[in-house]
Each structure stands twice: as structure tokens, then as C-alpha cells.
$ cat run.txt   # compact mmCIF, C-alpha atoms
# COMPACT_ATOMS: atom_id res chain seq x y z
CA MET A 1 -14.12 -17.79 -3.52
CA GLN A 2 -15.22 -14.58 -1.77
CA TRP A 3 -12.45 -14.95 0.81
CA THR A 4 -9.90 -15.62 -1.93
CA ASP A 5 -11.08 -12.60 -3.93
CA ARG A 6 -10.92 -10.39 -0.84
CA ILE A 7 -7.37 -11.53 -0.04
CA ARG A 8 -6.34 -10.86 -3.65
CA GLN A 9 -7.88 -7.38 -3.56
CA VAL A 10 -6.12 -6.53 -0.30
CA LYS A 11 -2.78 -7.71 -1.69
CA ILE A 12 -3.25 -5.65 -4.85
CA PHE A 13 -4.20 -2.61 -2.76
CA LEU A 14 -1.11 -3.00 -0.56
CA VAL A 15 1.20 -3.34 -3.55
CA VAL A 16 -0.34 -0.31 -5.31
CA ALA A 17 -0.18 1.73 -2.09
CA ALA A 18 3.48 0.78 -1.62
CA ILE A 19 4.31 1.79 -5.20
CA ILE A 20 2.50 5.14 -4.82
CA LEU A 21 4.27 5.85 -1.51
CA ALA A 22 7.64 4.91 -3.00
CA VAL A 23 7.18 7.07 -6.10
CA ALA A 24 5.91 10.02 -4.04
CA SER A 25 8.79 9.67 -1.60
CA LEU A 26 11.38 9.51 -4.36
CA PHE A 27 9.83 12.52 -6.12
CA VAL A 28 9.67 14.70 -2.98
CA SER A 29 13.17 13.64 -1.97
CA HIS A 30 14.45 14.51 -5.43
CA LEU A 31 12.95 18.01 -5.18
CA LEU A 32 14.40 18.55 -1.71
CA THR A 33 17.80 17.23 -2.76
CA ARG A 34 17.84 19.47 -5.83
CA ASP A 35 16.90 22.56 -3.78
CA LEU A 36 19.50 21.78 -1.13
CA TYR A 37 22.12 21.20 -3.81
CA GLU A 38 21.39 24.59 -5.37
CA GLU A 39 21.51 26.22 -1.94
CA GLU A 40 24.91 24.69 -1.21
CA ARG A 41 26.14 25.81 -4.62
CA LYS A 42 25.16 29.40 -3.79
CA LYS A 43 26.84 29.15 -0.40
CA MET A 44 30.03 28.02 -2.11
CA GLU A 45 29.85 30.96 -4.50
CA ILE A 46 29.51 33.33 -1.53
CA TRP A 47 32.35 31.54 0.28
CA ALA A 48 34.56 31.79 -2.83
CA GLU A 49 33.73 35.48 -3.11
CA ALA A 50 34.74 35.91 0.53
CA MET A 51 38.06 34.18 -0.20
CA HIS A 52 38.57 36.50 -3.16
CA SER A 53 37.84 39.53 -0.99
CA LEU A 54 40.27 38.29 1.65
CA ASN A 55 42.97 37.80 -0.99
CA ASN A 56 42.46 41.33 -2.37
CA ALA A 57 41.75 42.98 0.98
CA ASP A 58 42.66 46.65 1.54
CA GLU A 59 41.92 49.21 4.25
CA ASN A 60 38.29 49.50 3.11
CA THR A 61 37.57 45.72 3.30
CA ASP A 62 35.38 44.56 6.19
CA LEU A 63 37.55 41.65 7.32
CA ALA A 64 35.20 40.75 10.17
CA LEU A 65 32.39 40.05 7.71
CA VAL A 66 34.70 38.17 5.35
CA LEU A 67 36.08 35.97 8.14
CA LYS A 68 32.58 35.37 9.47
CA VAL A 69 31.50 34.03 6.06
CA ILE A 70 34.60 31.86 5.74
CA ASP A 71 34.38 30.45 9.26
CA GLY A 72 30.60 30.05 9.02
CA ASN A 73 30.91 26.98 6.82
CA THR A 74 31.01 23.98 9.15
CA THR A 75 29.14 21.37 7.09
CA ILE A 76 30.28 21.51 3.43
CA PRO A 77 33.65 19.83 2.71
CA ILE A 78 35.94 22.25 0.81
CA ILE A 79 39.31 21.83 -0.89
CA VAL A 80 41.06 24.83 -2.45
CA LEU A 81 43.37 23.84 -5.32
CA GLY A 82 45.82 26.18 -7.00
CA ALA A 83 46.39 26.43 -10.73
CA ASP A 84 49.25 23.95 -10.35
CA GLY A 85 46.87 21.37 -8.78
CA ASN A 86 48.38 21.63 -5.29
CA VAL A 87 46.26 21.98 -2.16
CA ARG A 88 46.13 25.50 -0.72
CA THR A 89 43.74 24.78 2.13
CA TYR A 90 40.79 22.55 3.06
CA ARG A 91 37.92 22.46 5.55
CA ASN A 92 35.45 19.92 7.00
CA ILE A 93 37.33 16.86 5.71
CA GLU A 94 38.35 13.98 7.94
CA VAL A 95 41.75 12.56 7.04
CA THR A 96 42.69 9.12 8.33
CA ALA A 97 46.07 8.78 6.57
CA LYS A 98 49.05 7.72 8.68
CA SER A 99 51.43 10.52 7.57
CA ASN A 100 51.18 14.14 6.52
CA THR A 101 52.38 13.25 3.00
CA ASP A 102 49.65 10.68 2.63
CA SER A 103 47.10 13.19 3.92
CA ILE A 104 48.03 15.83 1.37
CA SER A 105 48.05 13.24 -1.41
CA TYR A 106 44.59 11.99 -0.36
CA ILE A 107 43.15 15.53 -0.21
CA ARG A 108 44.69 16.49 -3.58
CA GLN A 109 43.23 13.37 -5.22
CA LYS A 110 39.82 14.05 -3.70
CA GLY A 111 39.96 17.68 -4.85
CA GLN A 112 40.88 16.70 -8.40
CA ASN A 113 37.98 14.21 -8.48
CA LEU A 114 35.58 16.99 -7.42
CA LEU A 115 37.11 19.30 -10.03
CA ARG A 116 36.59 16.73 -12.77
CA GLY A 117 33.01 16.29 -11.57
CA GLY A 118 32.31 20.01 -12.07
CA LYS A 119 31.80 20.67 -8.37
CA ASN A 120 34.00 23.76 -8.10
CA VAL A 121 33.93 27.56 -8.12
CA ARG A 122 36.92 29.29 -9.77
CA ILE A 123 38.41 32.45 -8.23
CA VAL A 124 40.55 34.57 -10.54
CA LEU A 125 43.27 36.26 -8.45
CA ASP A 126 44.79 38.48 -11.12
CA GLU A 127 43.00 39.31 -14.37
CA GLU A 128 46.29 40.02 -16.13
CA GLN A 129 47.92 36.68 -15.32
CA LYS A 130 46.49 33.66 -17.10
CA ASP A 131 47.32 31.06 -14.43
CA SER A 132 46.56 33.24 -11.43
CA TYR A 133 43.47 31.47 -10.05
CA VAL A 134 42.34 28.88 -7.51
CA ASP A 135 39.49 26.37 -7.63
CA VAL A 136 37.23 26.04 -4.62
CA CYS A 137 36.17 22.40 -4.87
CA TYR A 138 33.30 21.29 -2.66
CA ASP A 139 31.54 18.02 -1.84
CA ASP A 140 27.94 17.37 -0.76
CA SER A 141 27.27 17.97 2.92
CA LEU A 142 26.43 15.10 5.22
CA MET A 143 22.80 16.26 5.33
CA LEU A 144 22.54 16.26 1.55
CA LYS A 145 24.03 12.75 1.33
CA ARG A 146 21.62 11.45 3.97
CA LEU A 147 18.68 13.06 2.22
CA ALA A 148 19.67 11.38 -1.05
CA VAL A 149 19.78 7.96 0.62
CA TYR A 150 16.68 8.40 2.80
CA PRO A 151 13.99 7.59 0.16
CA TYR A 152 15.62 4.26 -0.62
CA ILE A 153 15.61 3.38 3.09
CA GLN A 154 11.97 4.43 3.24
CA LEU A 155 11.23 2.33 0.17
CA GLY A 156 12.85 -0.69 1.82
CA VAL A 157 10.78 -0.17 4.97
CA VAL A 158 7.58 0.08 2.92
CA LEU A 159 8.42 -3.08 0.99
CA ILE A 160 9.15 -4.94 4.25
CA PHE A 161 5.80 -3.75 5.59
CA VAL A 162 3.99 -4.97 2.47
CA VAL A 163 5.76 -8.36 2.59
CA ILE A 164 4.88 -8.80 6.28
CA ALA A 165 1.27 -7.78 5.64
CA ILE A 166 0.92 -10.21 2.72
CA PHE A 167 2.57 -12.97 4.75
CA ALA A 168 0.15 -12.32 7.62
CA LEU A 169 -2.80 -12.50 5.24
CA MET A 170 -1.50 -15.70 3.67
CA THR A 171 -0.97 -17.24 7.12
CA SER A 172 -4.47 -16.24 8.16
CA LYS A 173 -5.89 -17.71 4.98
CA ARG A 174 -3.93 -20.94 5.45
CA ALA A 175 -5.10 -21.24 9.06
CA GLU A 176 -8.69 -20.74 7.92
CA GLN A 177 -8.28 -23.41 5.26
CA ASN A 178 -6.78 -25.80 7.80
CA LYS A 179 -9.79 -25.33 10.07
CA VAL A 180 -12.13 -26.04 7.17
CA TRP A 181 -10.09 -29.11 6.18
CA VAL A 182 -10.07 -30.56 9.66
CA GLY A 183 -13.70 -29.73 10.43
CA LEU A 184 -14.96 -31.16 7.15
CA SER A 185 -12.87 -34.32 7.50
CA LYS A 186 -13.89 -35.00 11.09
CA GLU A 187 -17.54 -34.37 10.34
CA THR A 188 -17.41 -36.64 7.27
CA ALA A 189 -15.85 -39.46 9.32
CA HIS A 190 -18.44 -38.95 12.05
CA GLN A 191 -21.37 -38.99 9.62
CA LEU A 192 -20.07 -42.13 7.88
CA GLY A 193 -19.50 -44.00 11.12
CA THR A 194 -23.14 -44.89 11.93
CA PRO A 195 -24.26 -46.16 8.48
CA ILE A 196 -21.01 -48.13 8.08
CA SER A 197 -21.56 -49.85 11.41
CA SER A 198 -25.10 -50.71 10.32
CA LEU A 199 -23.88 -52.03 6.97
CA MET A 200 -21.29 -54.21 8.70
CA ALA A 201 -23.95 -55.65 10.96
CA TRP A 202 -26.32 -56.29 8.05
CA THR A 203 -23.50 -57.95 6.10
CA GLU A 204 -22.87 -60.36 8.95
CA ILE A 205 -26.57 -61.19 9.14
CA LEU A 206 -26.68 -61.81 5.39
CA LYS A 207 -23.64 -64.09 5.63
CA GLU A 208 -25.42 -66.21 8.22
CA THR A 209 -28.68 -66.25 6.23
CA TYR A 210 -27.13 -66.79 2.77
CA PRO A 211 -23.72 -68.37 3.34
CA GLU A 212 -23.38 -69.50 -0.28
CA ASP A 213 -24.18 -66.16 -1.90
CA GLU A 214 -21.29 -65.08 -4.19
CA LEU A 215 -22.10 -61.37 -3.96
CA LEU A 216 -21.68 -61.11 -0.19
CA PRO A 217 -17.83 -61.18 -0.26
CA GLU A 218 -17.86 -58.25 -2.72
CA MET A 219 -20.33 -56.39 -0.52
CA ASP A 220 -18.07 -57.03 2.45
CA LYS A 221 -15.10 -55.58 0.53
CA ASP A 222 -17.07 -52.44 -0.28
CA VAL A 223 -18.13 -52.00 3.35
CA LYS A 224 -14.52 -52.39 4.48
CA ARG A 225 -13.58 -49.87 1.82
CA LEU A 226 -16.05 -47.38 3.31
CA GLN A 227 -14.60 -48.08 6.72
CA LEU A 228 -11.10 -47.34 5.39
CA ILE A 229 -12.28 -44.06 3.86
CA ALA A 230 -13.90 -43.00 7.16
CA ASP A 231 -10.69 -43.93 8.97
CA ARG A 232 -8.67 -41.77 6.56
CA PHE A 233 -10.91 -38.76 7.08
CA SER A 234 -10.73 -39.17 10.86
CA LYS A 235 -6.92 -38.91 10.73
CA ILE A 236 -6.91 -35.53 8.96
CA GLY A 237 -5.89 -32.84 11.42
CA SER A 238 -4.11 -35.17 13.83
CA LEU A 239 -0.63 -36.66 13.77
CA PRO A 240 -0.92 -40.07 12.09
CA GLU A 241 1.08 -42.99 13.39
CA HIS A 242 4.07 -43.95 11.23
CA VAL A 243 5.13 -47.59 11.28
CA PRO A 244 7.64 -49.52 9.14
CA THR A 245 5.64 -50.59 6.10
CA SER A 246 6.34 -52.46 2.88
CA LEU A 247 6.00 -49.84 0.18
CA THR A 248 5.80 -52.56 -2.46
CA GLU A 249 2.79 -54.03 -0.69
CA VAL A 250 1.11 -50.64 -0.46
CA MET A 251 1.65 -49.96 -4.16
CA ASN A 252 0.41 -53.43 -5.16
CA HIS A 253 -2.69 -52.96 -3.03
CA VAL A 254 -3.50 -49.68 -4.82
CA ILE A 255 -2.89 -51.22 -8.24
CA ASP A 256 -5.16 -54.17 -7.46
CA TYR A 257 -7.88 -51.81 -6.29
CA MET A 258 -7.59 -49.62 -9.41
CA ASP A 259 -7.56 -52.68 -11.69
CA ARG A 260 -10.93 -53.78 -10.32
CA ARG A 261 -12.50 -50.35 -10.81
CA THR A 262 -11.18 -49.29 -14.20
CA SER A 263 -11.85 -50.59 -17.67
CA ASP A 264 -9.65 -53.05 -19.52
CA LYS A 265 -8.53 -50.16 -21.72
CA VAL A 266 -6.42 -48.79 -18.84
CA GLN A 267 -3.14 -50.68 -18.47
CA MET A 268 -1.33 -50.56 -15.10
CA VAL A 269 2.44 -51.04 -15.46
CA ARG A 270 4.66 -51.72 -12.42
CA ILE A 271 8.38 -50.94 -12.42
CA PHE A 272 9.53 -52.00 -8.94
CA PRO A 273 12.96 -53.07 -7.67
CA PRO A 274 13.36 -56.79 -6.85
CA GLU A 275 14.00 -56.09 -3.16
CA ASP A 276 11.26 -54.84 -0.86
CA ILE A 277 11.38 -51.22 0.27
CA ILE A 278 10.50 -50.55 3.89
CA VAL A 279 9.63 -46.99 4.95
CA LYS A 280 7.93 -45.43 7.96
CA ILE A 281 4.54 -44.25 6.72
CA ASN A 282 0.87 -44.35 7.54
CA ALA A 283 -0.27 -46.95 5.04
CA SER A 284 -3.94 -45.94 4.75
CA LEU A 285 -3.14 -42.25 4.15
CA PHE A 286 -0.31 -42.98 1.74
CA GLU A 287 -2.53 -45.34 -0.26
CA TRP A 288 -4.93 -42.41 -0.53
CA VAL A 289 -2.20 -40.33 -2.20
CA ILE A 290 -1.39 -42.98 -4.81
CA GLU A 291 -5.12 -43.60 -5.44
CA ASN A 292 -5.68 -39.87 -6.07
CA LEU A 293 -2.79 -39.76 -8.54
CA CYS A 294 -4.06 -42.87 -10.33
CA LYS A 295 -7.66 -41.60 -10.47
CA ASN A 296 -6.49 -38.28 -11.90
CA ALA A 297 -4.44 -40.19 -14.45
CA VAL A 298 -7.51 -42.22 -15.51
CA ASP A 299 -9.53 -39.01 -15.88
CA ALA A 300 -6.73 -37.36 -17.88
CA MET A 301 -6.60 -40.35 -20.25
CA GLU A 302 -10.40 -40.40 -20.50
CA GLY A 303 -10.48 -44.12 -19.66
CA THR A 304 -7.95 -45.28 -22.24
CA GLY A 305 -4.15 -45.43 -21.87
CA ARG A 306 -1.30 -46.60 -19.67
CA ILE A 307 -0.41 -45.73 -16.09
CA THR A 308 3.17 -46.52 -15.08
CA LEU A 309 4.07 -46.77 -11.41
CA PHE A 310 7.81 -46.56 -10.85
CA MET A 311 9.57 -47.09 -7.54
CA ALA A 312 13.27 -46.95 -6.66
CA THR A 313 15.78 -45.85 -4.02
CA GLU A 314 18.30 -43.06 -4.54
CA MET A 315 20.86 -42.75 -1.72
CA ASP A 316 18.71 -42.20 1.39
CA THR A 317 15.57 -41.30 -0.59
CA VAL A 318 12.69 -43.42 -1.85
CA VAL A 319 11.33 -42.24 -5.20
CA ILE A 320 7.84 -42.97 -6.50
CA GLU A 321 6.66 -41.80 -9.91
CA VAL A 322 3.16 -42.07 -11.36
CA SER A 323 3.07 -41.45 -15.11
CA ASP A 324 0.14 -41.44 -17.52
CA THR A 325 -0.42 -41.07 -21.24
CA GLY A 326 -3.17 -38.50 -20.85
CA LYS A 327 -3.73 -34.98 -22.15
CA GLY A 328 -1.06 -33.39 -19.97
CA ILE A 329 -1.03 -30.12 -18.01
CA ARG A 330 -0.49 -26.65 -19.42
CA LYS A 331 2.74 -25.02 -18.23
CA LYS A 332 0.91 -22.09 -16.67
CA ASP A 333 -1.23 -24.51 -14.61
CA ILE A 334 1.59 -26.69 -13.25
CA LYS A 335 2.22 -24.42 -10.25
CA SER A 336 -1.50 -24.39 -9.41
CA VAL A 337 -2.33 -28.10 -9.55
CA PHE A 338 -1.84 -28.51 -5.76
CA THR A 339 -3.87 -25.39 -4.91
CA PRO A 340 -7.19 -26.18 -3.16
CA GLY A 341 -10.07 -25.65 -5.56
CA PHE A 342 -7.99 -25.88 -8.74
CA THR A 343 -9.43 -28.39 -11.21
CA THR A 344 -9.73 -28.87 -14.95
CA LYS A 345 -12.71 -31.23 -14.61
CA GLN A 346 -16.26 -29.94 -14.90
CA ARG A 347 -17.45 -31.81 -11.82
CA GLY A 348 -14.21 -31.81 -9.85
CA TRP A 349 -13.76 -30.12 -6.48
CA GLY A 350 -10.01 -29.64 -6.84
CA LEU A 351 -9.20 -31.22 -3.47
CA GLY A 352 -7.48 -34.52 -4.41
CA LEU A 353 -4.01 -33.21 -5.24
CA SER A 354 -4.16 -30.63 -2.47
CA LEU A 355 -4.91 -33.40 0.02
CA ALA A 356 -2.13 -35.55 -1.48
CA LYS A 357 0.37 -32.72 -1.01
CA ARG A 358 -0.72 -32.23 2.58
CA ILE A 359 -0.35 -35.95 3.37
CA VAL A 360 3.08 -36.27 1.72
CA GLU A 361 4.67 -33.01 2.90
CA GLU A 362 3.05 -32.27 6.26
CA TYR A 363 2.41 -35.78 7.55
CA HIS A 364 5.33 -37.66 5.98
CA HIS A 365 7.85 -34.79 5.55
CA GLY A 366 8.45 -35.68 1.91
CA ARG A 367 7.99 -33.91 -1.43
CA ILE A 368 5.45 -34.24 -4.21
CA PHE A 369 5.64 -32.29 -7.46
CA VAL A 370 5.03 -32.45 -11.19
CA LYS A 371 8.24 -33.88 -12.62
CA SER A 372 7.21 -33.40 -16.25
CA SER A 373 4.15 -32.78 -18.37
CA GLU A 374 3.57 -32.40 -22.07
CA LEU A 375 0.28 -31.60 -23.74
CA GLY A 376 -1.05 -34.64 -25.56
CA ARG A 377 1.73 -36.88 -24.21
CA GLY A 378 1.06 -37.24 -20.50
CA THR A 379 2.19 -36.22 -17.02
CA THR A 380 4.56 -37.61 -14.40
CA PHE A 381 4.10 -36.93 -10.69
CA ARG A 382 7.09 -37.61 -8.42
CA ILE A 383 7.07 -38.36 -4.69
CA GLU A 384 10.24 -38.35 -2.60
CA LEU A 385 10.34 -39.83 0.91
CA LYS A 386 13.19 -40.19 3.36
CA LYS A 387 14.21 -43.83 3.56
$ encode --input "run.txt" --output "C-alpha cells"
Amino acid sequence: MQWTDRIRQVKIFLVVAAIILAVASLFVSHLLTRDLYEEERKKMEIWAEAMHSLNNADENTDLALVLKVIDGNTTIPIIVLGADGNVRTYRNIEVTAKSNTDSISYIRQKGQNLLRGGKNVRIVLDEEQKDSYVDVCYDDSLMLKRLAVYPYIQLGVVLIFVVIAIFALMTSKRAEQNKVWVGLSKETAHQLGTPISSLMAWTEILKETYPEDELLPEMDKDVKRLQLIADRFSKIGSLPEHVPTSLTEVMNHVIDYMDRRTSDKVQMVRIFPPEDIIVKINASLFEWVIENLCKNAVDAMEGTGRITLFMATEMDTVVIEVSDTGKGIRKKDIKSVFTPGFTTKQRGWGLGLSLAKRIVEEYHHGRIFVKSSELGRGTTFRIELKK
């Protein structure tokens, strides 16, 4: 739990840090963009004043200064439109039209768009004539456009960094969990090995001493069951061998086992196709999956109800469904049922469904999920395997 809490805290910190960086970047960029916009507006007013001075130049006008101001603009796109809407001149605009007529039409359209957007400075040429003026229309410079886009690029980079960091933490956590899984399983199998061997030997001795005893066959079954469990644990962490197996036989074996260990109040219903279904699986591990689902169903029904095991083929897929008439799963918990440690039982460890998911998806390359669940009505788990 401490590791999980630490991972959660780090993820929250990274997300909060990314949000703070993004907001700060957008705010600073907005201030810089606004200041640069105002500065370009003032430059355009000075440029328009220089154009006005050039238009009304006399012997006292310093043409060198006026021309220096006009020629000094090399970054801000400018289009000068007359009162009739025609283009008088333009600067710093790339035209890619095929003909001169198309070029003028393109520039006039662009100038009118800037004029409608309020990005213009009007120069009155003659105070006495109403239509004697020109509009100096200007667009944002390349620097201003880049500065406006930059914070969003920065935001994207920050988000990518956060996603990569969270993915790295998740991968590290998953690798740590895998080590715990494998180590615990191997150690459990190792610890069970010696007492099981002793029990098997003692069972054989008892058979020879009391050949007529009716309890010895049941004891032998339980010892073999322990041996099967140890064998299952020993296979965790290594690639299990897949062989063509009768799925019907596997399911019947699990049902027979559950029938012997549950009360008469639990009814096991089989819905199997008439023909046998053969799939490549590891029988002992796959039986473990079905047993876990059935045991969870019995717990959910509190020892009274019906468990339905359905099996069918759909195209190239084998479908297995385990349904119960238990208390169901809350919608908010459905996504968490396969998470290690998640359990609704007071004494549960929350490992059964997680182990089932690992066996189905990692070892058999199939799918297992909650098909449906309704509170008070029951739950259906679905397994899909390639045929």
C-alpha cells in the first residue's frame, strides 16, 4: 500500500506541476504577445505618419528620415488600400499567385480582411476632401505569430513529459509486482513440495496397512489436489506448455470439483455445445481460472443460488461465460475487479481475479472481462480464447 500511495502522490504532483507550468507559460506568453502587439501597432502609426509626411513633403521635409522609417520595416506585412479599395502598395508579403492579376486580387482580399479586422491605420490626405485617405493595413509579424503559438507547443511538450513519466512509473510498478508474483509463487510451490511428498508417502503406507479403509481414496484425492496447486504455483513466471485440450473436459472437471465442495443450495448449470471444443491451453492453469470465478460466485451468492457455465464458439473464438445470481458489482468497481489487492470480502486478499486475468491474457493471449453486472441480480464474467 505504501508503494501504491507513493506512486499516486508522484502522479498527482506531476499533473499539478504540469498544470502550473502550462498556466504560467500561457500567462507570460499572453503578456509578451500583448506587449509586442502594442509595439507593432505603434510602429505602424509611425510608419503611417511617415507615409503622410512623404505624401505632403515640401522643401522643409527631411526625406532621408522619412525614407529611413519607411524602409526600416522589414518584418510587419503591410498593405496600403485607397479609399476605393484598390491596392496602392504593399511590403513584406509573399505572393505565390501565377499571374499579376491574381497577385493583386489576392493582396486586395487580404488587405480588406485586415481592414475588417480593425488592423489598420487611416491616413487622411486632404482634410477638405471626404474620400481623400488611405488605409495602412498591417498583419502580425512572423515573430508575433510564433510567440502566440509557442505556449501551446510548450504545453504539448510538458504533457508528453508527464505521460512518459507516468508510464515509466507504471511500468516500474508493474515490474515490481511481477517480481513479487513470481517470487511468492515459486516460494509457495517450493514450501509445499516437501510436505506433499511426505503426505503421498504416508498415503501409500496407509493403503498397504488399511486397504479396505473408505477414507483413504478421499485423502488421496486431497493430496493430489495439493500437488496440483503446487504445480500451478510453480508455473507462474514461466511460459506454460500449451497442448490441444478438451475444453469440455476441463469445464466438467471444475464443475465436479465445485459440486463436491459446495452446499446443495448452490446449483451448477452447464450450457455446452454437443460437440467437443479443442483448444491449445495449459489445463491446470486454466482450471484455476474457472475455479476462481466459481469460488467468487459462491461467495457473492453467500452459499445460495445458481452458477451457469456457458460455452460456445463464435467464428474463430471460443467463448466461456460464468454467471451467478449473487449481489453483483457496483459500476464504479467494475474496472477495478482485476486490480491486485482489490476485494469486497473482509478476509479476501484480492488476488484471485488478478491471477485469472494474468493467466488468460498473458499466458493464453485471450481476454477476460465483466460482461454484465447488476446489483442484486448477479454478474457475468466472459472469457474469449482463440480457437
$ atom_distance --input "run.txt" --atom1 "CA of Tyr210 in chain A" --atom2 "CA of Asp259 in chain A"
28.1 Å
$ closest_residue --input "run.txt" --among "A:Leu155, A:Asp231, A:Ile383, A:Lys110" --to "Ala18 in chain A" --atoms "only C-alpha atoms"
A:Leu155
$ closest_residue --input "run.txt" --among "A:Thr262, A:Leu184, A:Asp220, A:Thr379" --to "Glu204 in chain A" --atoms "all atoms listed in the file"
A:Asp220
$ closest_residue --input "run.txt" --among "A:Arg232, A:Arg88, A:Lys43, A:Lys386" --to "Gly72 in chain A" --atoms "only C-alpha atoms"
A:Lys43
$ closest_residue --input "run.txt" --among "A:Val279, A:Ile290, A:Ile79, A:Phe13" --to "Arg91 in chain A" --atoms "all atoms listed in the file"
A:Ile79
$ residues_near_point --input "run.txt" --point "(-13.6, -50.0, 9.4)" --cutoff "12 Å" --atoms "all atoms listed in the file" --output "list of chain:residue names"
A:Ala189, A:Leu192, A:Gly193, A:Thr194, A:Pro195, A:Ile196, A:Ser197, A:Ser198, A:Leu199, A:Met200, A:Ala201, A:Asp220, A:Lys221, A:Asp222, A:Val223, A:Lys224, A:Arg225, A:Leu226, A:Gln227, A:Leu228, A:Ile229, A:Ala230, A:Asp231, A:Arg232, A:Phe233, A:Ser234, A:Ser284
$ atom_distance --input "run.txt" --atom1 "CA of Thr188 in chain A" --atom2 "CA of Arg358 in chain A"
17.9 Å
$ residues_around --input "run.txt" --residues "range 127-138 of chain A" --least-positions-apart "5" --cutoff "7 Å" --atoms "only C-alpha atoms" --output "ChimeraX atom specification"
/A:48,76-83,111,114-115,119-122
$ atom_distance --input "run.txt" --atom1 "CA of Phe161 in chain A" --atom2 "CA of Leu21 in chain A"
12.0 Å
